[in-house]
$ cat input.pdb   # PDB, C-alpha atoms
MODEL        1
ATOM      1  CA  MET D 299     137.113 129.057  89.082
ATOM      2  CA  GLN D 300     139.525 129.316  86.155
ATOM      3  CA  ASN D 301     140.904 126.250  84.372
ATOM      4  CA  GLY D 302     143.901 124.803  86.184
ATOM      5  CA  GLN D 303     143.300 126.827  89.347
ATOM      6  CA  ARG D 304     143.417 124.750  92.535
ATOM      7  CA  PRO D 305     140.731 125.157  95.185
ATOM      8  CA  GLY D 306     141.693 127.537  97.945
ATOM      9  CA  PHE D 307     141.653 127.281 101.718
ATOM     10  CA  LEU D 308     137.986 128.259 101.967
ATOM     11  CA  ALA D 309     136.931 125.501  99.590
ATOM     12  CA  TYR D 310     138.836 122.849 101.512
ATOM     13  CA  GLY D 311     137.613 124.268 104.806
ATOM     14  CA  PHE D 312     134.004 124.127 103.649
ATOM     15  CA  LEU D 313     134.375 120.548 102.378
ATOM     16  CA  THR D 314     136.001 119.515 105.660
ATOM     17  CA  ALA D 315     133.125 121.039 107.624
ATOM     18  CA  VAL D 316     130.592 119.214 105.448
ATOM     19  CA  ILE D 317     132.404 115.891 105.904
ATOM     20  CA  LEU D 318     132.650 116.321 109.673
ATOM     21  CA  GLY D 319     128.998 117.319 109.903
ATOM     22  CA  SER D 320     128.013 114.251 107.897
ATOM     23  CA  VAL D 321     130.171 111.804 109.859
ATOM     24  CA  PHE D 322     129.338 113.149 113.330
ATOM     25  CA  PRO D 323     125.846 111.564 113.673
ATOM     26  CA  LEU D 324     127.296 108.174 112.769
ATOM     27  CA  TYR D 325     130.167 108.619 115.231
ATOM     28  CA  TRP D 326     127.746 109.781 117.922
ATOM     29  CA  SER D 327     125.631 106.650 117.395
ATOM     30  CA  PHE D 328     128.742 104.478 117.660
ATOM     31  CA  LEU D 329     129.851 106.382 120.765
ATOM     32  CA  ILE D 330     126.562 105.718 122.546
ATOM     33  CA  GLY D 331     126.346 102.187 121.162
ATOM     34  CA  SER D 332     129.755 101.305 122.555
ATOM     35  CA  GLY D 333     128.823 102.440 126.077
ATOM     36  CA  ASP D 334     126.257 101.257 128.605
ATOM     37  CA  ALA D 335     122.785 102.351 129.668
ATOM     38  CA  THR D 336     124.167 105.348 131.593
ATOM     39  CA  THR D 337     126.353 106.748 128.817
ATOM     40  CA  ILE D 338     123.678 108.958 127.248
ATOM     41  CA  THR D 339     122.743 110.525 130.614
ATOM     42  CA  ARG D 340     126.251 111.466 131.695
ATOM     43  CA  GLN D 341     127.119 115.125 132.051
ATOM     44  CA  ASP D 342     130.821 114.572 131.324
ATOM     45  CA  ILE D 343     130.661 112.672 128.042
ATOM     46  CA  VAL D 344     133.856 110.904 127.045
ATOM     47  CA  TRP D 345     134.407 111.357 123.317
ATOM     48  CA  TRP D 346     136.269 108.082 123.004
ATOM     49  CA  PRO D 347     134.210 104.916 122.285
ATOM     50  CA  GLY D 348     133.747 102.426 125.086
ATOM     51  CA  GLY D 349     134.246  98.693 124.946
ATOM     52  CA  ASN D 350     130.657  97.439 125.020
ATOM     53  CA  PHE D 351     129.719  97.652 121.339
ATOM     54  CA  LEU D 352     130.073  93.918 120.654
ATOM     55  CA  ASP D 353     127.967  93.069 123.717
ATOM     56  CA  ASN D 354     125.290  95.580 122.705
ATOM     57  CA  ALA D 355     125.346  94.314 119.118
ATOM     58  CA  ALA D 356     124.968  90.749 120.381
ATOM     59  CA  ALA D 357     121.963  91.859 122.444
ATOM     60  CA  VAL D 358     120.349  93.192 119.252
ATOM     61  CA  LEU D 359     121.135  90.079 117.238
ATOM     62  CA  THR D 360     119.787  87.708 119.889
ATOM     63  CA  ASP D 361     116.679  89.696 120.849
ATOM     64  CA  GLY D 362     113.721  87.474 119.980
ATOM     65  CA  SER D 363     111.303  90.376 119.659
ATOM     66  CA  VAL D 364     113.477  92.075 117.029
ATOM     67  CA  ASN D 365     114.168  89.045 114.793
ATOM     68  CA  PHE D 366     117.118  90.933 113.305
ATOM     69  CA  TRP D 367     118.200  88.573 110.525
ATOM     70  CA  ARG D 368     114.674  88.127 109.207
ATOM     71  CA  ALA D 369     114.306  91.910 109.156
ATOM     72  CA  VAL D 370     117.599  92.247 107.260
ATOM     73  CA  GLY D 371     116.415  89.732 104.673
ATOM     74  CA  ASN D 372     113.093  91.567 104.295
ATOM     75  CA  SER D 373     114.854  94.906 103.868
ATOM     76  CA  ILE D 374     117.225  93.497 101.239
ATOM     77  CA  LEU D 375     114.301  91.973  99.335
ATOM     78  CA  VAL D 376     112.103  95.068  99.486
ATOM     79  CA  SER D 377     114.900  97.533  98.702
ATOM     80  CA  THR D 378     116.243  95.502  95.780
ATOM     81  CA  VAL D 379     112.844  94.916  94.177
ATOM     82  CA  VAL D 380     111.758  98.535  94.612
ATOM     83  CA  ALA D 381     115.052  99.907  93.260
ATOM     84  CA  ALA D 382     114.919  97.632  90.195
ATOM     85  CA  ALA D 383     111.262  98.466  89.504
ATOM     86  CA  VAL D 384     111.760 102.205  89.906
ATOM     87  CA  VAL D 385     114.758 102.190  87.554
ATOM     88  CA  LEU D 386     112.893 100.185  84.910
ATOM     89  CA  PHE D 387     109.645 102.160  84.953
ATOM     90  CA  SER D 388     111.357 105.526  85.397
ATOM     91  CA  THR D 389     113.655 104.852  82.441
ATOM     92  CA  LEU D 390     110.702 103.779  80.289
ATOM     93  CA  ALA D 391     108.737 106.891  81.238
ATOM     94  CA  GLY D 392     111.806 109.124  80.934
ATOM     95  CA  PHE D 393     112.483 107.801  77.439
ATOM     96  CA  ALA D 394     108.877 108.499  76.423
ATOM     97  CA  PHE D 395     108.826 112.006  77.872
ATOM     98  CA  ALA D 396     112.286 112.930  76.582
ATOM     99  CA  LYS D 397     112.265 111.514  73.046
ATOM    100  CA  LEU D 398     108.742 110.602  71.948
ATOM    101  CA  ARG D 399     106.138 113.019  70.651
ATOM    102  CA  PHE D 400     102.550 112.531  71.800
ATOM    103  CA  ARG D 401      99.620 114.758  72.692
ATOM    104  CA  GLY D 402      99.622 116.075  76.248
ATOM    105  CA  ARG D 403     103.252 115.144  76.894
ATOM    106  CA  ASN D 404     104.252 118.384  78.621
ATOM    107  CA  GLY D 405     101.081 118.587  80.684
ATOM    108  CA  LEU D 406     101.432 114.992  81.838
ATOM    109  CA  LEU D 407     105.061 115.526  82.787
ATOM    110  CA  ILE D 408     104.126 118.617  84.799
ATOM    111  CA  PHE D 409     101.414 116.595  86.552
ATOM    112  CA  VAL D 410     103.912 113.859  87.450
ATOM    113  CA  ILE D 411     106.359 116.417  88.832
ATOM    114  CA  ALA D 412     103.577 118.163  90.769
ATOM    115  CA  THR D 413     102.777 114.941  92.638
ATOM    116  CA  MET D 414     106.118 115.300  94.430
ATOM    117  CA  ALA D 415     104.636 118.276  96.289
ATOM    118  CA  VAL D 416     101.907 116.111  97.838
ATOM    119  CA  PRO D 417     102.924 114.898 101.344
ATOM    120  CA  THR D 418     103.082 111.142 101.684
ATOM    121  CA  GLN D 419     101.036 111.301 104.883
ATOM    122  CA  LEU D 420      97.949 112.481 102.970
ATOM    123  CA  GLY D 421      97.670 109.180 101.127
ATOM    124  CA  VAL D 422      98.296 106.831 104.041
ATOM    125  CA  VAL D 423      94.656 106.196 105.009
ATOM    126  CA  PRO D 424      93.310 105.449 101.496
ATOM    127  CA  LEU D 425      96.448 103.446 100.715
ATOM    128  CA  PHE D 426      96.017 101.341 103.823
ATOM    129  CA  ILE D 427      92.347 100.764 102.956
ATOM    130  CA  ALA D 428      93.359  99.701  99.439
ATOM    131  CA  MET D 429      95.980  97.276 100.775
ATOM    132  CA  SER D 430      93.436  95.840 103.211
ATOM    133  CA  GLU D 431      90.870  95.372 100.431
ATOM    134  CA  LEU D 432      93.493  93.576  98.359
ATOM    135  CA  GLN D 433      94.367  91.452 101.432
ATOM    136  CA  LEU D 434      97.964  92.624 101.274
ATOM    137  CA  ALA D 435      98.144  94.428 104.635
ATOM    138  CA  GLY D 436     100.798  92.848 106.808
ATOM    139  CA  THR D 437     102.797  91.540 103.842
ATOM    140  CA  LEU D 438     105.897  92.847 102.114
ATOM    141  CA  SER D 439     103.871  93.346  98.924
ATOM    142  CA  ALA D 440     102.083  96.219 100.673
ATOM    143  CA  VAL D 441     105.444  97.997 100.965
ATOM    144  CA  ILE D 442     106.698  97.112  97.488
ATOM    145  CA  LEU D 443     103.687  97.846  95.259
ATOM    146  CA  PRO D 444     103.094 101.517  96.199
ATOM    147  CA  ALA D 445     106.803 102.284  95.655
ATOM    148  CA  ILE D 446     107.502 100.673  92.256
ATOM    149  CA  VAL D 447     107.030 103.996  90.444
ATOM    150  CA  SER D 448     108.645 107.240  91.546
ATOM    151  CA  ALA D 449     107.809 110.726  90.284
ATOM    152  CA  PHE D 450     111.336 111.825  91.132
ATOM    153  CA  GLY D 451     112.724 108.887  89.158
ATOM    154  CA  VAL D 452     110.644 109.803  86.106
ATOM    155  CA  PHE D 453     111.814 113.421  86.294
ATOM    156  CA  TRP D 454     115.433 112.342  86.850
ATOM    157  CA  MET D 455     115.536 110.017  83.859
ATOM    158  CA  THR D 456     113.641 112.452  81.632
ATOM    159  CA  GLN D 457     116.171 115.185  82.266
ATOM    160  CA  TYR D 458     119.114 112.853  81.743
ATOM    161  CA  LEU D 459     117.878 111.194  78.554
ATOM    162  CA  SER D 460     116.886 114.504  76.993
ATOM    163  CA  GLN D 461     120.593 115.435  77.022
ATOM    164  CA  ALA D 462     122.368 112.071  76.809
ATOM    165  CA  LEU D 463     120.403 110.372  74.018
ATOM    166  CA  PRO D 464     120.605 111.972  70.542
ATOM    167  CA  TYR D 465     117.600 111.677  68.238
ATOM    168  CA  GLU D 466     119.931 110.390  65.528
ATOM    169  CA  LEU D 467     120.537 107.142  67.413
ATOM    170  CA  ILE D 468     116.807 106.526  67.759
ATOM    171  CA  GLU D 469     116.186 107.291  64.097
ATOM    172  CA  ALA D 470     119.033 104.990  63.052
ATOM    173  CA  ALA D 471     117.606 102.137  65.110
ATOM    174  CA  ARG D 472     114.151 102.691  63.644
ATOM    175  CA  VAL D 473     115.535 102.759  60.106
ATOM    176  CA  ASP D 474     117.249  99.431  60.792
ATOM    177  CA  GLY D 475     113.832  97.964  61.602
ATOM    178  CA  ALA D 476     113.999  97.940  65.401
ATOM    179  CA  SER D 477     110.708  98.217  67.233
ATOM    180  CA  MET D 478     110.258 100.929  69.830
ATOM    181  CA  ILE D 479     110.774  98.426  72.652
ATOM    182  CA  ARG D 480     113.934  97.117  70.986
ATOM    183  CA  THR D 481     115.123 100.694  70.494
ATOM    184  CA  PHE D 482     114.583 101.364  74.176
ATOM    185  CA  TRP D 483     116.357  98.183  75.231
ATOM    186  CA  SER D 484     119.334  98.450  72.860
ATOM    187  CA  VAL D 485     119.801 102.225  72.592
ATOM    188  CA  ALA D 486     118.102 104.157  75.409
ATOM    189  CA  LEU D 487     118.865 101.823  78.300
ATOM    190  CA  PRO D 488     122.647 101.665  77.705
ATOM    191  CA  ALA D 489     122.728 105.459  77.360
ATOM    192  CA  ALA D 490     120.827 105.811  80.648
ATOM    193  CA  ARG D 491     123.111 103.480  82.599
ATOM    194  CA  PRO D 492     125.005 106.114  84.663
ATOM    195  CA  ALA D 493     121.836 107.926  85.731
ATOM    196  CA  ALA D 494     120.047 104.608  86.295
ATOM    197  CA  ALA D 495     122.846 103.434  88.601
ATOM    198  CA  MET D 496     122.610 106.608  90.657
ATOM    199  CA  LEU D 497     118.810 106.372  90.799
ATOM    200  CA  ALA D 498     119.011 102.743  91.914
ATOM    201  CA  LEU D 499     121.413 103.693  94.694
ATOM    202  CA  PHE D 500     119.235 106.561  95.900
ATOM    203  CA  VAL D 501     116.057 104.470  95.828
ATOM    204  CA  PHE D 502     117.714 101.528  97.575
ATOM    205  CA  ILE D 503     118.898 103.759 100.420
ATOM    206  CA  ALA D 504     115.541 105.539 100.719
ATOM    207  CA  THR D 505     113.682 102.222 100.814
ATOM    208  CA  TRP D 506     116.146 100.683 103.267
ATOM    209  CA  THR D 507     115.683 103.563 105.716
ATOM    210  CA  ASN D 508     111.937 104.002 105.173
ATOM    211  CA  PHE D 509     110.088 103.669 108.467
ATOM    212  CA  PHE D 510     106.736 105.455 108.262
ATOM    213  CA  TRP D 511     104.722 103.307 105.830
ATOM    214  CA  PRO D 512     106.259  99.913 106.783
ATOM    215  CA  PHE D 513     105.578 100.674 110.460
ATOM    216  CA  ILE D 514     101.905 101.191 109.645
ATOM    217  CA  VAL D 515     101.253  98.330 107.250
ATOM    218  CA  LEU D 516     103.570  95.499 108.350
ATOM    219  CA  ASP D 517     103.129  92.960 111.129
ATOM    220  CA  ARG D 518     105.676  93.079 113.915
ATOM    221  CA  GLN D 519     106.494  89.408 113.259
ATOM    222  CA  ASP D 520     107.622  90.147 109.678
ATOM    223  CA  PRO D 521     109.108  93.665 109.664
ATOM    224  CA  THR D 522     111.716  95.519 107.716
ATOM    225  CA  LEU D 523     114.853  96.578 109.568
ATOM    226  CA  PRO D 524     113.802 100.096 110.713
ATOM    227  CA  VAL D 525     110.521  98.691 112.077
ATOM    228  CA  ALA D 526     112.368  95.874 113.837
ATOM    229  CA  LEU D 527     114.792  98.307 115.481
ATOM    230  CA  SER D 528     111.870 100.373 116.775
ATOM    231  CA  LEU D 529     110.888  97.344 118.872
ATOM    232  CA  LEU D 530     114.036  97.919 120.933
ATOM    233  CA  GLN D 531     112.275 100.986 122.352
ATOM    234  CA  SER D 532     109.031  99.219 123.209
ATOM    235  CA  ASN D 533     110.085  98.242 126.726
ATOM    236  CA  TYR D 534     109.425 100.300 129.836
ATOM    237  CA  PHE D 535     113.156 100.930 130.173
ATOM    238  CA  VAL D 536     114.974 101.833 126.968
ATOM    239  CA  ASP D 537     118.681 101.036 126.810
ATOM    240  CA  TYR D 538     119.843 103.537 124.212
ATOM    241  CA  SER D 539     123.262 101.942 123.963
ATOM    242  CA  VAL D 540     121.574  98.816 122.555
ATOM    243  CA  VAL D 541     119.349 100.947 120.316
ATOM    244  CA  MET D 542     122.330 102.818 118.887
ATOM    245  CA  ALA D 543     124.218  99.573 118.386
ATOM    246  CA  GLY D 544     121.242  98.389 116.311
ATOM    247  CA  VAL D 545     121.355 101.604 114.306
ATOM    248  CA  ILE D 546     125.034 101.041 113.518
ATOM    249  CA  LEU D 547     124.339  97.447 112.484
ATOM    250  CA  SER D 548     121.589  98.631 110.141
ATOM    251  CA  THR D 549     123.955 101.207 108.620
ATOM    252  CA  ILE D 550     126.785  98.774 107.858
ATOM    253  CA  PRO D 551     125.116  97.324 104.704
ATOM    254  CA  LEU D 552     124.669 100.851 103.338
ATOM    255  CA  LEU D 553     128.324 101.667 103.992
ATOM    256  CA  ILE D 554     129.312  98.494 102.147
ATOM    257  CA  LEU D 555     127.011  99.467  99.280
ATOM    258  CA  PHE D 556     128.594 102.916  99.067
ATOM    259  CA  ALA D 557     132.073 101.380  99.090
ATOM    260  CA  VAL D 558     131.161  99.015  96.252
ATOM    261  CA  ALA D 559     129.098 101.453  94.171
ATOM    262  CA  GLY D 560     131.062 104.621  94.939
ATOM    263  CA  ARG D 561     133.009 104.573  91.684
ATOM    264  CA  GLN D 562     129.832 104.168  89.628
ATOM    265  CA  LEU D 563     128.197 106.977  91.620
ATOM    266  CA  VAL D 564     131.045 109.406  90.930
ATOM    267  CA  SER D 565     131.169 108.314  87.286
ATOM    268  CA  GLY D 566     127.452 108.961  86.905
ATOM    269  CA  ILE D 567     127.724 112.404  88.462
ATOM    270  CA  MET D 568     130.651 113.363  86.222
ATOM    271  CA  GLN D 569     129.012 112.057  83.045
ATOM    272  CA  GLY D 570     125.813 113.866  83.885
ATOM    273  CA  ALA D 571     127.736 117.082  84.500
ATOM    274  CA  VAL D 572     129.625 116.796  81.223
ATOM    275  CA  LYS D 573     126.554 115.942  79.176
ATOM    276  CA  GLY D 574     124.575 118.751  80.844
TER     277      GLY D 574
ENDMDL
END

$ encode --input "input.pdb" --output "structure tokens"
Amino acid sequence: MQNGQRPGFLAYGFLTAVILGSVFPLYWSFLIGSGDATTITRQDIVWWPGGNFLDNAAAVLTDGSVNFWRAVGNSILVSTVVAAAVVLFSTLAGFAFAKLRFRGRNGLLIFVIATMAVPTQLGVVPLFIAMSELQLAGTLSAVILPAIVSAFGVFWMTQYLSQALPYELIEAARVDGASMIRTFWSVALPAARPAAAMLALFVFIATWTNFFWPFIVLDRQDPTLPVALSLLQSNYFVDYSVVMAGVILSTIPLLILFAVAGRQLVSGIMQGAVKG
């Protein structure tokens, strides 16, 4: 596309299709969640929401087996701690891989990236044994500790810092007598802020929606939100309108997060594009 040329009809049409495809699952969940137990089985589906969403949401909030508010608190705690830890350790590792010279740097970076190709399911059994041996099974620490470092986060920050942080700034800080840790804290970390904000957002969302490992390692009395919502389907009869209302309730905090952090997200994407 040439400078100053406006996007054409095809570009807007494609973006509209992407937006509609992204919003439809959320609208479908709200549609079912605002109906009753028979809504999902009807042949002639009405595409206008019903009037039962508040009643279904109240059923989720007051269900003793779900313990919704405790699950929300656990999810906020786990997601916040994991996002902060991943950003810190990924930025440290990214700074080392991008700007420091040491033997085996390239090979170690390739090894870290290669671990992303290993399915998570392969490590579940030994990880569960390790958590049991450490007497952490059934606690939130068993969800937090395995997730505090991310291979994707290391790769993300390495790529960003290699372009966004000039060697001259590091050399100037070292000449002024700053230690390597002080150089990281005062020079590298501010330069990495846009990418770090995006990484924190991605990790927070991924941790918030993570179901597989928490479902295995946590007790049902102290779950995260996705595990708690799965208890709505543990009865002989499953009311999917209540289940979908719970899904919408669990999505609301993420929508609020996107609304608050959206400007920083767009800013990070644009700065990364310009610096790249």

$ residues_around --input "input.pdb" --residues "Val541 of chain D" --least-positions-apart "4" --cutoff "9 Å" --atoms "only C-alpha atoms" --output "PyMOL selection string"
chain D and resi 327+330-331+354+358+527-528+530-531+536-537+545-546

$ axis_aligned_box --input "input.pdb" --around "segment 446-459 of chain D" --padding-each-side "8 Å" --output "JSON"
{"center_x": 113.1, "center_y": 107.9, "center_z": 85.4, "size_x": 28.1, "size_y": 30.5, "size_z": 29.7}

$ residues_around --input "input.pdb" --residues "segment 411-420 of chain D" --least-positions-apart "5" --cutoff "9 Å" --atoms "all atoms listed in the file" --output "number ranges by chain"
D: 406, 448-450, 452-453, 510-511

$ closest_residue --input "input.pdb" --among "D:Thr481, D:Ser430, D:Ala381, D:Ile408" --to "Met496 of chain D" --atoms "only C-alpha atoms"
D:Ala381

$ atom_distance --input "input.pdb" --atom1 "atom CA of Tyr458 of chain D" --atom2 "atom CA of Leu386 of chain D"
14.5 Å

$ residues_around --input "input.pdb" --residues "Leu463 of chain D" --least-positions-apart "6" --cutoff "12 Å" --atoms "only C-alpha atoms" --output "PDB file with C-alpha atoms, in the coordinates of the input"
ATOM      1  CA  GLY D 392     111.806 109.124  80.934  1.00  0.00           C
ATOM      2  CA  PHE D 393     112.483 107.801  77.439  1.00  0.00           C
ATOM      3  CA  ALA D 394     108.877 108.499  76.423  1.00  0.00           C
ATOM      4  CA  ALA D 396     112.286 112.930  76.582  1.00  0.00           C
ATOM      5  CA  LYS D 397     112.265 111.514  73.046  1.00  0.00           C
ATOM      6  CA  LEU D 398     108.742 110.602  71.948  1.00  0.00           C
ATOM      7  CA  MET D 455     115.536 110.017  83.859  1.00  0.00           C
ATOM      8  CA  THR D 456     113.641 112.452  81.632  1.00  0.00           C
ATOM      9  CA  GLN D 457     116.171 115.185  82.266  1.00  0.00           C
ATOM     10  CA  GLU D 469     116.186 107.291  64.097  1.00  0.00           C
ATOM     11  CA  THR D 481     115.123 100.694  70.494  1.00  0.00           C
ATOM     12  CA  PHE D 482     114.583 101.364  74.176  1.00  0.00           C
ATOM     13  CA  VAL D 485     119.801 102.225  72.592  1.00  0.00           C
ATOM     14  CA  ALA D 486     118.102 104.157  75.409  1.00  0.00           C
ATOM     15  CA  LEU D 487     118.865 101.823  78.300  1.00  0.00           C
ATOM     16  CA  PRO D 488     122.647 101.665  77.705  1.00  0.00           C
ATOM     17  CA  ALA D 489     122.728 105.459  77.360  1.00  0.00           C
ATOM     18  CA  ALA D 490     120.827 105.811  80.648  1.00  0.00           C
ATOM     19  CA  ARG D 491     123.111 103.480  82.599  1.00  0.00           C
ATOM     20  CA  GLY D 570     125.813 113.866  83.885  1.00  0.00           C
ATOM     21  CA  LYS D 573     126.554 115.942  79.176  1.00  0.00           C
ATOM     22  CA  GLY D 574     124.575 118.751  80.844  1.00  0.00           C
TER      23      GLY D 574
END

$ atom_distance --input "input.pdb" --atom1 "atom CA of Ala382 of chain D" --atom2 "atom CA of Phe426 of chain D"
23.6 Å
